[in-house]
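Here is model_2.pdb, consisting of PDB, C-alpha atoms:
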ATOM      1  CA  MET A1031     191.456 -29.837 158.684  1.00  0.00           C
ATOM      2  CA  PHE A1032     189.183 -30.173 155.636  1.00  0.00           C
ATOM      3  CA  ASP A1033     191.836 -32.103 153.706  1.00  0.00           C
ATOM      4  CA  GLU A1034     192.395 -34.541 156.580  1.00  0.00           C
ATOM      5  CA  VAL A1035     188.700 -35.361 156.894  1.00  0.00           C
ATOM      6  CA  LEU A1036     188.274 -35.861 153.143  1.00  0.00           C
ATOM      7  CA  LYS A1037     191.394 -38.039 152.862  1.00  0.00           C
ATOM      8  CA  LYS A1038     190.061 -40.220 155.668  1.00  0.00           C
ATOM      9  CA  VAL A1039     186.785 -40.776 153.800  1.00  0.00           C
ATOM     10  CA  LEU A1040     188.707 -41.564 150.612  1.00  0.00           C
ATOM     11  CA  ALA A1041     190.775 -44.147 152.494  1.00  0.00           C
ATOM     12  CA  GLU A1042     187.840 -45.700 154.372  1.00  0.00           C
ATOM     13  CA  VAL A1043     185.503 -46.194 151.414  1.00  0.00           C
ATOM     14  CA  GLU A1044     186.503 -48.970 149.050  1.00  0.00           C
ATOM     15  CA  GLY A1045     186.166 -47.813 145.467  1.00  0.00           C
ATOM     16  CA  ALA A1046     186.128 -44.097 146.327  1.00  0.00           C
ATOM     17  CA  ARG A1047     187.627 -42.070 143.503  1.00  0.00           C
ATOM     18  CA  CYS A1048     186.968 -38.536 144.714  1.00  0.00           C
ATOM     19  CA  VAL A1049     185.646 -36.928 147.899  1.00  0.00           C
ATOM     20  CA  LEU A1050     185.096 -33.212 148.111  1.00  0.00           C
ATOM     21  CA  LEU A1051     183.561 -30.376 150.037  1.00  0.00           C
ATOM     22  CA  ALA A1052     181.834 -27.820 147.830  1.00  0.00           C
ATOM     23  CA  GLY A1053     179.533 -24.885 148.064  1.00  0.00           C
ATOM     24  CA  LEU A1054     176.074 -25.194 146.561  1.00  0.00           C
ATOM     25  CA  ASP A1055     177.396 -22.827 143.912  1.00  0.00           C
ATOM     26  CA  GLY A1056     179.649 -25.669 142.707  1.00  0.00           C
ATOM     27  CA  MET A1057     182.926 -24.186 143.945  1.00  0.00           C
ATOM     28  CA  VAL A1058     185.360 -26.681 145.485  1.00  0.00           C
ATOM     29  CA  VAL A1059     186.464 -25.849 149.029  1.00  0.00           C
ATOM     30  CA  ALA A1060     188.669 -28.941 149.488  1.00  0.00           C
ATOM     31  CA  ALA A1061     189.119 -32.284 147.740  1.00  0.00           C
ATOM     32  CA  ALA A1062     190.816 -35.666 148.021  1.00  0.00           C
ATOM     33  CA  VAL A1063     191.232 -37.533 144.746  1.00  0.00           C
ATOM     34  CA  ALA A1064     192.446 -41.073 144.089  1.00  0.00           C
ATOM     35  CA  LYS A1065     194.934 -41.752 141.319  1.00  0.00           C
ATOM     36  CA  ASP A1066     193.104 -41.314 138.004  1.00  0.00           C
ATOM     37  CA  GLY A1067     190.062 -39.921 139.837  1.00  0.00           C
ATOM     38  CA  PRO A1068     187.734 -37.375 138.239  1.00  0.00           C
ATOM     39  CA  ALA A1069     188.428 -33.656 138.221  1.00  0.00           C
ATOM     40  CA  PRO A1070     186.974 -32.215 141.456  1.00  0.00           C
ATOM     41  CA  ASP A1071     185.869 -28.935 139.854  1.00  0.00           C
ATOM     42  CA  VAL A1072     183.805 -30.769 137.214  1.00  0.00           C
ATOM     43  CA  VAL A1073     182.298 -33.116 139.817  1.00  0.00           C
ATOM     44  CA  ALA A1074     181.445 -30.218 142.146  1.00  0.00           C
ATOM     45  CA  ALA A1075     179.863 -28.065 139.453  1.00  0.00           C
ATOM     46  CA  SER A1076     177.761 -30.899 138.038  1.00  0.00           C
ATOM     47  CA  LEU A1077     176.604 -32.568 141.234  1.00  0.00           C
ATOM     48  CA  ALA A1078     176.084 -29.398 143.286  1.00  0.00           C
ATOM     49  CA  ASP A1079     173.719 -28.220 140.564  1.00  0.00           C
ATOM     50  CA  LEU A1080     171.906 -31.551 140.707  1.00  0.00           C
ATOM     51  CA  PHE A1081     171.616 -31.322 144.517  1.00  0.00           C
ATOM     52  CA  PHE A1082     170.247 -27.788 144.175  1.00  0.00           C
ATOM     53  CA  LYS A1083     167.609 -29.028 141.702  1.00  0.00           C
ATOM     54  CA  VAL A1084     166.653 -31.876 144.035  1.00  0.00           C
ATOM     55  CA  GLY A1085     166.164 -29.243 146.747  1.00  0.00           C
ATOM     56  CA  VAL A1086     163.873 -27.249 144.444  1.00  0.00           C
ATOM     57  CA  ALA A1087     161.885 -30.405 143.680  1.00  0.00           C
ATOM     58  CA  HIS A1088     161.549 -31.141 147.405  1.00  0.00           C
ATOM     59  CA  ARG A1089     160.339 -27.602 148.076  1.00  0.00           C
ATOM     60  CA  ASP A1090     157.849 -27.777 145.185  1.00  0.00           C
ATOM     61  CA  ALA A1091     156.530 -31.070 146.563  1.00  0.00           C
ATOM     62  CA  GLY A1092     156.159 -29.631 150.057  1.00  0.00           C
ATOM     63  CA  LEU A1093     159.016 -31.714 151.472  1.00  0.00           C
ATOM     64  CA  ALA A1094     161.862 -30.707 153.768  1.00  0.00           C
ATOM     65  CA  PRO A1095     165.188 -29.894 152.087  1.00  0.00           C
ATOM     66  CA  PRO A1096     167.203 -33.013 151.246  1.00  0.00           C
ATOM     67  CA  LYS A1097     170.024 -34.037 153.575  1.00  0.00           C
ATOM     68  CA  GLU A1098     171.395 -36.610 151.175  1.00  0.00           C
ATOM     69  CA  PHE A1099     171.144 -37.776 147.592  1.00  0.00           C
ATOM     70  CA  THR A1100     172.617 -40.799 145.830  1.00  0.00           C
ATOM     71  CA  SER A1101     172.802 -41.831 142.204  1.00  0.00           C
ATOM     72  CA  ALA A1102     174.128 -44.912 140.488  1.00  0.00           C
ATOM     73  CA  GLY A1103     175.002 -45.880 136.949  1.00  0.00           C
ATOM     74  CA  SER A1104     176.587 -48.880 135.297  1.00  0.00           C
ATOM     75  CA  SER A1105     180.162 -47.741 135.935  1.00  0.00           C
ATOM     76  CA  GLY A1106     179.937 -45.599 139.040  1.00  0.00           C
ATOM     77  CA  GLN A1107     177.960 -44.039 141.840  1.00  0.00           C
ATOM     78  CA  SER A1108     177.801 -40.767 143.710  1.00  0.00           C
ATOM     79  CA  ALA A1109     176.633 -39.771 147.166  1.00  0.00           C
ATOM     80  CA  LEU A1110     175.988 -36.211 148.316  1.00  0.00           C
ATOM     81  CA  ARG A1111     175.453 -35.065 151.894  1.00  0.00           C
ATOM     82  CA  ALA A1112     174.438 -31.581 153.035  1.00  0.00           C
ATOM     83  CA  VAL A1113     176.696 -30.234 155.783  1.00  0.00           C
ATOM     84  CA  THR A1114     175.007 -26.829 156.062  1.00  0.00           C
ATOM     85  CA  PRO A1115     172.488 -25.105 153.776  1.00  0.00           C
ATOM     86  CA  GLU A1116     175.491 -23.699 151.845  1.00  0.00           C
ATOM     87  CA  TYR A1117     177.941 -26.646 151.784  1.00  0.00           C
ATOM     88  CA  LEU A1118     177.825 -30.291 150.777  1.00  0.00           C
ATOM     89  CA  LEU A1119     180.071 -33.313 150.700  1.00  0.00           C
ATOM     90  CA  VAL A1120     180.333 -35.328 147.502  1.00  0.00           C
ATOM     91  CA  ALA A1121     181.799 -38.800 147.026  1.00  0.00           C
ATOM     92  CA  VAL A1122     182.277 -40.441 143.633  1.00  0.00           C
ATOM     93  CA  LEU A1123     182.714 -44.223 143.598  1.00  0.00           C
ATOM     94  CA  ASP A1124     183.656 -46.784 141.016  1.00  0.00           C
ATOM     95  CA  GLY A1125     181.197 -49.578 140.245  1.00  0.00           C
ATOM     96  CA  ILE A1126     182.128 -51.680 143.293  1.00  0.00           C
ATOM     97  CA  GLY A1127     181.960 -49.088 146.066  1.00  0.00           C
ATOM     98  CA  SER A1128     179.373 -49.471 148.821  1.00  0.00           C
ATOM     99  CA  LEU A1129     176.822 -46.666 148.969  1.00  0.00           C
ATOM    100  CA  GLY A1130     175.879 -47.689 152.517  1.00  0.00           C
ATOM    101  CA  ARG A1131     179.440 -47.339 153.783  1.00  0.00           C
ATOM    102  CA  THR A1132     179.833 -44.116 151.816  1.00  0.00           C
ATOM    103  CA  ARG A1133     176.712 -42.613 153.348  1.00  0.00           C
ATOM    104  CA  PHE A1134     177.958 -43.564 156.829  1.00  0.00           C
ATOM    105  CA  GLU A1135     181.396 -42.011 156.249  1.00  0.00           C
ATOM    106  CA  LEU A1136     179.892 -38.835 154.756  1.00  0.00           C
ATOM    107  CA  ARG A1137     177.629 -38.504 157.803  1.00  0.00           C
ATOM    108  CA  ARG A1138     180.701 -38.772 160.068  1.00  0.00           C
ATOM    109  CA  ALA A1139     182.654 -36.307 157.937  1.00  0.00           C
ATOM    110  CA  ALA A1140     179.770 -33.826 157.965  1.00  0.00           C
ATOM    111  CA  ALA A1141     179.677 -33.933 161.765  1.00  0.00           C
ATOM    112  CA  ALA A1142     183.440 -33.319 161.911  1.00  0.00           C
ATOM    113  CA  LEU A1143     183.334 -30.416 159.445  1.00  0.00           C
ATOM    114  CA  LEU A1144     180.204 -28.690 160.727  1.00  0.00           C
ATOM    115  CA  PRO A1145     181.899 -26.667 163.510  1.00  0.00           C
ATOM    116  CA  GLU A1146     184.342 -25.225 160.954  1.00  0.00           C
ATOM    117  CA  LEU A1147     181.551 -24.158 158.583  1.00  0.00           C
ATOM    118  CA  ILE A1148     179.116 -22.433 160.942  1.00  0.00           C
TER     119      ILE A1148
END
As structure tokens - that is how I would like this structure written.
Amino acid sequence: MFDEVLKKVLAEVEGARCVLLAGLDGMVVAAAVAKDGPAPDVVAASLADLFFKVGVAHRDAGLAPPKEFTSAGSSGQSALRAVTPEYLLVAVLDGIGSLGRTRFELRRAAAALLPELI
């Protein structure tokens, strides 16, 4: 089921290069990768750590834990969405992908995956 949901996000989001479900420890649970997409294990380890640090910053600032986090650079973007306190979805896009559409599709995917993760 995980693979089906992730492949759907990969197909629905123009410019998506990699979509994965990972634990906050950076371990990949499932992944869908486009041709010549990035290595899921490297993406998961790097961005899960970043999401964890954003959570620490939120806590230190007296804010609620983050549900989502996006970042963008000159050649690509990433969007992360918490599914549970232990799992998150990650999408990596090329420079033309829409973060808005990506956020929408990750929200839908999170709702589909939640019953399997609780």
Inset, instruction - Please evaluate the PyMOL selection byres ((chain A and resi 1125-1135) around 6) against the structure above and give the resulting residues as a VMD selection string. - result: chain A and resid 1044 to 1045 1105 to 1106 1123 to 1124 1136 to 1138
Inset, instruction - Might you spell out which residues the PyMOL selection byres ((chain A and resi 1069-1074) around 12) would select in the displayed file, as a PyMOL selection string? - result: chain A and resi 1047-1068+1075-1082+1107-1110+1117-1123
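Atom to atom, CA of Ala1094 in chain A and CA of Ala1112 in chain A stand 12.6 Å apart.
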Inset, instruction - Figure out the distance between CA of Val1084 in chain A and CA of Lys1097 in chain A, please, to one decimal in Å. - result: 10.3 Å
Edge lengths and centre in Å, axis-aligned, range 1034-1046 of chain A plus 3 Å each side, as JSON:
{"center_x": 188.9, "center_y": -41.8, "center_z": 151.2, "size_x": 12.9, "size_y": 20.4, "size_z": 17.4}
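With CA of Val1086 in chain A on one side and CA of Ala1046 in chain A on the other, the separation reads 28.0 Å.
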Legend entry - Shortest interatomic distance to Ala1140 in chain A - which of A:Val1035, A:Ala1087, A:Leu1093, A:Val1043, counting only C-alpha atoms: A:Val1035
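Among the candidates A:Ala1091, A:Ala1102, A:Met1031, A:Leu1040, the one nearest to Glu1146 in chain A when counting all atoms listed in the file is A:Met1031.
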Would you fill the gaps in range 1064-1099 of chain A so it has N, CA and C atoms, then print it as a PDB file, in the frame of the given file?
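So the final result, stored in part_28.pdb, reads:
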ATOM      1  N   ALA A1064     191.634 -39.887 144.321  1.00  0.00           N
ATOM      2  CA  ALA A1064     192.446 -41.073 144.089  1.00  0.00           C
ATOM      3  C   ALA A1064     193.178 -40.942 142.760  1.00  0.00           C
ATOM      4  N   LYS A1065     194.204 -41.737 142.591  1.00  0.00           N
ATOM      5  CA  LYS A1065     194.934 -41.752 141.319  1.00  0.00           C
ATOM      6  C   LYS A1065     193.945 -42.013 140.189  1.00  0.00           C
ATOM      7  N   ASP A1066     194.006 -41.217 139.157  1.00  0.00           N
ATOM      8  CA  ASP A1066     193.104 -41.314 138.004  1.00  0.00           C
ATOM      9  C   ASP A1066     191.644 -41.020 138.358  1.00  0.00           C
ATOM     10  N   GLY A1067     191.417 -40.312 139.472  1.00  0.00           N
ATOM     11  CA  GLY A1067     190.062 -39.921 139.837  1.00  0.00           C
ATOM     12  C   GLY A1067     189.579 -38.764 138.983  1.00  0.00           C
ATOM     13  N   PRO A1068     188.298 -38.461 139.045  1.00  0.00           N
ATOM     14  CA  PRO A1068     187.734 -37.375 138.239  1.00  0.00           C
ATOM     15  C   PRO A1068     188.171 -36.000 138.735  1.00  0.00           C
ATOM     16  N   ALA A1069     188.074 -35.029 137.869  1.00  0.00           N
ATOM     17  CA  ALA A1069     188.428 -33.656 138.221  1.00  0.00           C
ATOM     18  C   ALA A1069     187.426 -33.101 139.230  1.00  0.00           C
ATOM     19  N   PRO A1070     187.888 -32.694 140.417  1.00  0.00           N
ATOM     20  CA  PRO A1070     186.974 -32.215 141.456  1.00  0.00           C
ATOM     21  C   PRO A1070     186.112 -31.036 141.029  1.00  0.00           C
ATOM     22  N   ASP A1071     186.653 -30.107 140.243  1.00  0.00           N
ATOM     23  CA  ASP A1071     185.869 -28.935 139.854  1.00  0.00           C
ATOM     24  C   ASP A1071     184.701 -29.319 138.955  1.00  0.00           C
ATOM     25  N   VAL A1072     184.890 -30.308 138.086  1.00  0.00           N
ATOM     26  CA  VAL A1072     183.805 -30.769 137.214  1.00  0.00           C
ATOM     27  C   VAL A1072     182.748 -31.510 138.040  1.00  0.00           C
ATOM     28  N   VAL A1073     183.213 -32.368 138.942  1.00  0.00           N
ATOM     29  CA  VAL A1073     182.298 -33.116 139.817  1.00  0.00           C
ATOM     30  C   VAL A1073     181.475 -32.143 140.655  1.00  0.00           C
ATOM     31  N   ALA A1074     182.141 -31.175 141.276  1.00  0.00           N
ATOM     32  CA  ALA A1074     181.445 -30.218 142.146  1.00  0.00           C
ATOM     33  C   ALA A1074     180.413 -29.418 141.377  1.00  0.00           C
ATOM     34  N   ALA A1075     180.791 -28.891 140.226  1.00  0.00           N
ATOM     35  CA  ALA A1075     179.863 -28.065 139.453  1.00  0.00           C
ATOM     36  C   ALA A1075     178.642 -28.870 139.024  1.00  0.00           C
ATOM     37  N   SER A1076     178.861 -30.080 138.543  1.00  0.00           N
ATOM     38  CA  SER A1076     177.761 -30.899 138.038  1.00  0.00           C
ATOM     39  C   SER A1076     176.843 -31.385 139.150  1.00  0.00           C
ATOM     40  N   LEU A1077     177.428 -31.951 140.206  1.00  0.00           N
ATOM     41  CA  LEU A1077     176.604 -32.568 141.234  1.00  0.00           C
ATOM     42  C   LEU A1077     176.022 -31.563 142.221  1.00  0.00           C
ATOM     43  N   ALA A1078     176.683 -30.438 142.442  1.00  0.00           N
ATOM     44  CA  ALA A1078     176.084 -29.398 143.286  1.00  0.00           C
ATOM     45  C   ALA A1078     174.830 -28.850 142.616  1.00  0.00           C
ATOM     46  N   ASP A1079     174.894 -28.684 141.306  1.00  0.00           N
ATOM     47  CA  ASP A1079     173.719 -28.220 140.564  1.00  0.00           C
ATOM     48  C   ASP A1079     172.580 -29.233 140.672  1.00  0.00           C
ATOM     49  N   LEU A1080     172.921 -30.505 140.570  1.00  0.00           N
ATOM     50  CA  LEU A1080     171.906 -31.551 140.707  1.00  0.00           C
ATOM     51  C   LEU A1080     171.284 -31.527 142.108  1.00  0.00           C
ATOM     52  N   PHE A1081     172.118 -31.372 143.145  1.00  0.00           N
ATOM     53  CA  PHE A1081     171.616 -31.322 144.517  1.00  0.00           C
ATOM     54  C   PHE A1081     170.711 -30.112 144.710  1.00  0.00           C
ATOM     55  N   PHE A1082     171.086 -28.980 144.113  1.00  0.00           N
ATOM     56  CA  PHE A1082     170.247 -27.788 144.175  1.00  0.00           C
ATOM     57  C   PHE A1082     168.882 -28.062 143.545  1.00  0.00           C
ATOM     58  N   LYS A1083     168.869 -28.717 142.388  1.00  0.00           N
ATOM     59  CA  LYS A1083     167.609 -29.028 141.702  1.00  0.00           C
ATOM     60  C   LYS A1083     166.760 -30.022 142.492  1.00  0.00           C
ATOM     61  N   VAL A1084     167.397 -30.959 143.167  1.00  0.00           N
ATOM     62  CA  VAL A1084     166.653 -31.876 144.035  1.00  0.00           C
ATOM     63  C   VAL A1084     166.005 -31.083 145.168  1.00  0.00           C
ATOM     64  N   GLY A1085     166.728 -30.097 145.702  1.00  0.00           N
ATOM     65  CA  GLY A1085     166.164 -29.243 146.747  1.00  0.00           C
ATOM     66  C   GLY A1085     164.952 -28.467 146.265  1.00  0.00           C
ATOM     67  N   VAL A1086     165.014 -27.962 145.027  1.00  0.00           N
ATOM     68  CA  VAL A1086     163.873 -27.249 144.444  1.00  0.00           C
ATOM     69  C   VAL A1086     162.691 -28.199 144.293  1.00  0.00           C
ATOM     70  N   ALA A1087     162.958 -29.418 143.837  1.00  0.00           N
ATOM     71  CA  ALA A1087     161.885 -30.405 143.680  1.00  0.00           C
ATOM     72  C   ALA A1087     161.264 -30.747 145.032  1.00  0.00           C
ATOM     73  N   HIS A1088     162.083 -30.876 146.062  1.00  0.00           N
ATOM     74  CA  HIS A1088     161.549 -31.141 147.405  1.00  0.00           C
ATOM     75  C   HIS A1088     160.652 -29.993 147.850  1.00  0.00           C
ATOM     76  N   ARG A1089     161.132 -28.768 147.668  1.00  0.00           N
ATOM     77  CA  ARG A1089     160.339 -27.602 148.076  1.00  0.00           C
ATOM     78  C   ARG A1089     159.015 -27.562 147.317  1.00  0.00           C
ATOM     79  N   ASP A1090     159.065 -27.795 145.998  1.00  0.00           N
ATOM     80  CA  ASP A1090     157.849 -27.777 145.185  1.00  0.00           C
ATOM     81  C   ASP A1090     156.857 -28.857 145.622  1.00  0.00           C
ATOM     82  N   ALA A1091     157.386 -29.963 146.121  1.00  0.00           N
ATOM     83  CA  ALA A1091     156.530 -31.070 146.563  1.00  0.00           C
ATOM     84  C   ALA A1091     156.098 -30.921 148.020  1.00  0.00           C
ATOM     85  N   GLY A1092     156.531 -29.847 148.666  1.00  0.00           N
ATOM     86  CA  GLY A1092     156.159 -29.631 150.057  1.00  0.00           C
ATOM     87  C   GLY A1092     156.968 -30.458 151.039  1.00  0.00           C
ATOM     88  N   LEU A1093     158.156 -30.901 150.626  1.00  0.00           N
ATOM     89  CA  LEU A1093     159.016 -31.714 151.472  1.00  0.00           C
ATOM     90  C   LEU A1093     160.120 -30.860 152.099  1.00  0.00           C
ATOM     91  N   ALA A1094     160.714 -31.371 153.147  1.00  0.00           N
ATOM     92  CA  ALA A1094     161.862 -30.707 153.768  1.00  0.00           C
ATOM     93  C   ALA A1094     163.057 -30.773 152.814  1.00  0.00           C
ATOM     94  N   PRO A1095     163.998 -29.853 152.952  1.00  0.00           N
ATOM     95  CA  PRO A1095     165.188 -29.894 152.087  1.00  0.00           C
ATOM     96  C   PRO A1095     165.912 -31.235 152.236  1.00  0.00           C
ATOM     97  N   PRO A1096     166.507 -31.729 151.163  1.00  0.00           N
ATOM     98  CA  PRO A1096     167.203 -33.013 151.246  1.00  0.00           C
ATOM     99  C   PRO A1096     168.471 -32.907 152.082  1.00  0.00           C
ATOM    100  N   LYS A1097     168.765 -33.953 152.833  1.00  0.00           N
ATOM    101  CA  LYS A1097     170.024 -34.037 153.575  1.00  0.00           C
ATOM    102  C   LYS A1097     171.034 -34.840 152.774  1.00  0.00           C
ATOM    103  N   GLU A1098     170.510 -35.731 151.905  1.00  0.00           N
ATOM    104  CA  GLU A1098     171.395 -36.610 151.175  1.00  0.00           C
ATOM    105  C   GLU A1098     170.751 -37.011 149.860  1.00  0.00           C
ATOM    106  N   PHE A1099     171.610 -37.353 148.909  1.00  0.00           N
ATOM    107  CA  PHE A1099     171.144 -37.776 147.592  1.00  0.00           C
ATOM    108  C   PHE A1099     172.176 -38.744 147.035  1.00  0.00           C
TER     109      PHE A1099
END
